[in-house]
Amino acid sequence: MYVTMKKILYDANKKFNSVILSSVINLELVLSTIMAVQEENASIIINIGYGQMSKHGDGRIISGIVRMLAARATVSMAMNIVHGKDYKKVTHAFRHGFFSIMIDVSECPPRQRGSDTLPFSECHD
């Protein structure tokens with residue numbers, strides 16, 4: 001089932017369980033990851049790199065596929081974007097089902113990094 005990152009982490013903390021995070025670059029890895037965690041009855045965070053998301057489809061397409069697979073799964077699943085840089089693309093993905101985003105501001109001057117992340121934190125309702 002598709003759930004928020006907050007729910008996965010809350011449940012794991014409550015039950016003293018670990019959570020598997022799997023970085024995926026294609027549909028085959030998503031499918032095989034789901035099969036593996038179902039065998040272990042473990043929650044999972046599907047980690048999708050910003051580069052992969054940009055090359056293989058937008059957030060709506062990717063989240064739609066993962067959410068469909070999660071609906072069939074017997075374990076809790078969430079999605080995370082890593083190394084997000086472009087505000088428009090990242091917020092688009094967030095609005096279409098990604099519950100967690102890691103922003104990459106490593107190319108910004110150190111004093112500017114905090115102010116560059118603020119718009120991303122305000123992208124949800």
# chains A, B, ... in the order shown; residues from 1 in each chain; ligands from 1

call {"tool": "residues_around", "arguments": {"residues": "stretch 95-101 of chain A", "least_positions_apart": "6", "cutoff": "6 Å", "atoms": "only C-alpha atoms", "output": "list in words"}}
result
Thr4, Arg60, Ser63, Met79, Asn80 and Ile81 of chain A

call {"tool": "write_last_selection", "arguments": {"atoms": "N, CA and C atoms", "output": "mmCIF file, in the first residue's frame"}}
result
data_model
loop_
_atom_site.group_PDB
_atom_site.id
_atom_site.type_symbol
_atom_site.label_atom_id
_atom_site.label_comp_id
_atom_site.auth_asym_id
_atom_site.auth_seq_id
_atom_site.Cartn_x
_atom_site.Cartn_y
_atom_site.Cartn_z
ATOM 1 N N THR A 4 2.442 7.659 3.348
ATOM 2 C CA THR A 4 3.385 8.774 3.469
ATOM 3 C C THR A 4 4.686 8.292 4.108
ATOM 4 N N ARG A 60 4.350 12.815 -12.361
ATOM 5 C CA ARG A 60 3.015 12.240 -12.497
ATOM 6 C C ARG A 60 3.082 10.826 -13.058
ATOM 7 N N SER A 63 5.129 8.484 -10.397
ATOM 8 C CA SER A 63 4.352 8.207 -9.183
ATOM 9 C C SER A 63 3.125 7.372 -9.509
ATOM 10 N N MET A 79 7.574 7.029 -1.667
ATOM 11 C CA MET A 79 8.566 7.432 -2.679
ATOM 12 C C MET A 79 9.317 8.666 -2.196
ATOM 13 N N ASN A 80 10.548 8.745 -2.612
ATOM 14 C CA ASN A 80 11.420 9.861 -2.265
ATOM 15 C C ASN A 80 12.194 10.278 -3.511
ATOM 16 N N ILE A 81 12.320 11.577 -3.724
ATOM 17 C CA ILE A 81 13.186 12.097 -4.793
ATOM 18 C C ILE A 81 14.487 12.543 -4.141
#

call {"tool": "residues_around", "arguments": {"residues": "stretch 22-27 of chain A", "least_positions_apart": "2", "cutoff": "12 Å", "atoms": "only C-alpha atoms", "output": "VMD selection string"}}
result
chain A and resid 19 to 20 29 to 34 36 to 37 43 to 57 61 to 66 69 77 to 82

call {"tool": "closest_residue", "arguments": {"among": "A:Ser76, A:Thr91, A:Arg67, A:Met102", "to": "A:Lys7", "atoms": "only C-alpha atoms"}}
result
A:Ser76

call {"tool": "atom_distance", "arguments": {"atom1": "atom CA of A:Lys88", "atom2": "atom CA of A:Lys6"}}
result
23.4 Å

call {"tool": "decode", "arguments": {"residues": "stretch 7-78 of chain A", "atoms": "C-alpha atoms", "output": "mmCIF file, in the first residue's frame"}}
result
data_model
loop_
_atom_site.group_PDB
_atom_site.id
_atom_site.type_symbol
_atom_site.label_atom_id
_atom_site.label_comp_id
_atom_site.auth_asym_id
_atom_site.auth_seq_id
_atom_site.Cartn_x
_atom_site.Cartn_y
_atom_site.Cartn_z
ATOM 1 C CA LYS A 7 3.691 6.924 8.396
ATOM 2 C CA ILE A 8 6.464 4.522 7.401
ATOM 3 C CA LEU A 9 8.953 6.143 9.759
ATOM 4 C CA TYR A 10 6.437 6.479 12.597
ATOM 5 C CA ASP A 11 5.437 2.808 12.345
ATOM 6 C CA ALA A 12 9.061 1.689 12.152
ATOM 7 C CA ASN A 13 9.968 3.712 15.217
ATOM 8 C CA LYS A 14 6.957 2.427 17.142
ATOM 9 C CA LYS A 15 7.745 -1.212 16.310
ATOM 10 C CA PHE A 16 11.550 -0.811 16.527
ATOM 11 C CA ASN A 17 11.868 -1.928 12.880
ATOM 12 C CA SER A 18 14.229 -0.766 10.224
ATOM 13 C CA VAL A 19 13.030 0.549 6.868
ATOM 14 C CA ILE A 20 14.551 -0.477 3.569
ATOM 15 C CA LEU A 21 15.406 2.260 1.110
ATOM 16 C CA SER A 22 16.028 1.134 -2.437
ATOM 17 C CA SER A 23 17.398 3.408 -5.126
ATOM 18 C CA VAL A 24 15.811 2.467 -8.408
ATOM 19 C CA ILE A 25 16.539 3.515 -11.969
ATOM 20 C CA ASN A 26 13.926 1.562 -13.899
ATOM 21 C CA LEU A 27 10.657 -0.319 -13.608
ATOM 22 C CA GLU A 28 12.362 -3.689 -13.327
ATOM 23 C CA LEU A 29 14.176 -2.585 -10.173
ATOM 24 C CA VAL A 30 10.936 -1.270 -8.690
ATOM 25 C CA LEU A 31 9.214 -4.606 -9.345
ATOM 26 C CA SER A 32 12.054 -6.737 -8.007
ATOM 27 C CA THR A 33 12.382 -4.533 -4.933
ATOM 28 C CA ILE A 34 8.696 -4.881 -4.150
ATOM 29 C CA MET A 35 8.906 -8.654 -4.535
ATOM 30 C CA ALA A 36 11.894 -8.814 -2.177
ATOM 31 C CA VAL A 37 10.380 -6.674 0.585
ATOM 32 C CA GLN A 38 7.111 -8.587 0.436
ATOM 33 C CA GLU A 39 9.032 -11.780 1.166
ATOM 34 C CA GLU A 40 10.487 -10.087 4.245
ATOM 35 C CA ASN A 41 7.251 -8.255 5.159
ATOM 36 C CA ALA A 42 9.215 -5.015 5.376
ATOM 37 C CA SER A 43 8.268 -1.426 4.615
ATOM 38 C CA ILE A 44 10.144 0.277 1.821
ATOM 39 C CA ILE A 45 11.048 3.696 0.548
ATOM 40 C CA ILE A 46 11.479 3.797 -3.209
ATOM 41 C CA ASN A 47 14.278 6.270 -3.847
ATOM 42 C CA ILE A 48 14.217 7.860 -7.299
ATOM 43 C CA GLY A 49 17.049 10.089 -8.401
ATOM 44 C CA TYR A 50 16.171 13.450 -9.874
ATOM 45 C CA GLY A 51 18.212 12.579 -12.975
ATOM 46 C CA GLN A 52 16.263 9.376 -13.563
ATOM 47 C CA MET A 53 12.987 11.165 -13.030
ATOM 48 C CA SER A 54 13.959 13.844 -15.526
ATOM 49 C CA LYS A 55 15.101 11.319 -18.154
ATOM 50 C CA HIS A 56 12.336 8.727 -17.877
ATOM 51 C CA GLY A 57 9.218 10.780 -17.257
ATOM 52 C CA ASP A 58 7.786 13.426 -15.016
ATOM 53 C CA GLY A 59 6.591 12.966 -11.445
ATOM 54 C CA ARG A 60 3.015 12.240 -12.497
ATOM 55 C CA ILE A 61 4.057 9.306 -14.705
ATOM 56 C CA ILE A 62 6.530 7.791 -12.261
ATOM 57 C CA SER A 63 4.352 8.207 -9.183
ATOM 58 C CA GLY A 64 1.375 6.767 -11.065
ATOM 59 C CA ILE A 65 3.269 3.585 -11.885
ATOM 60 C CA VAL A 66 4.721 3.168 -8.395
ATOM 61 C CA ARG A 67 1.380 3.935 -6.736
ATOM 62 C CA MET A 68 -0.344 1.328 -8.923
ATOM 63 C CA LEU A 69 2.254 -1.270 -7.906
ATOM 64 C CA ALA A 70 1.961 -0.198 -4.262
ATOM 65 C CA ALA A 71 -1.803 -0.746 -4.370
ATOM 66 C CA ARG A 72 -1.103 -4.385 -5.229
ATOM 67 C CA ALA A 73 1.642 -4.778 -2.628
ATOM 68 C CA THR A 74 1.184 -6.252 0.827
ATOM 69 C CA VAL A 75 3.690 -3.886 2.464
ATOM 70 C CA SER A 76 3.836 -0.145 3.090
ATOM 71 C CA MET A 77 5.637 1.883 0.438
ATOM 72 C CA ALA A 78 6.575 5.538 -0.040
#
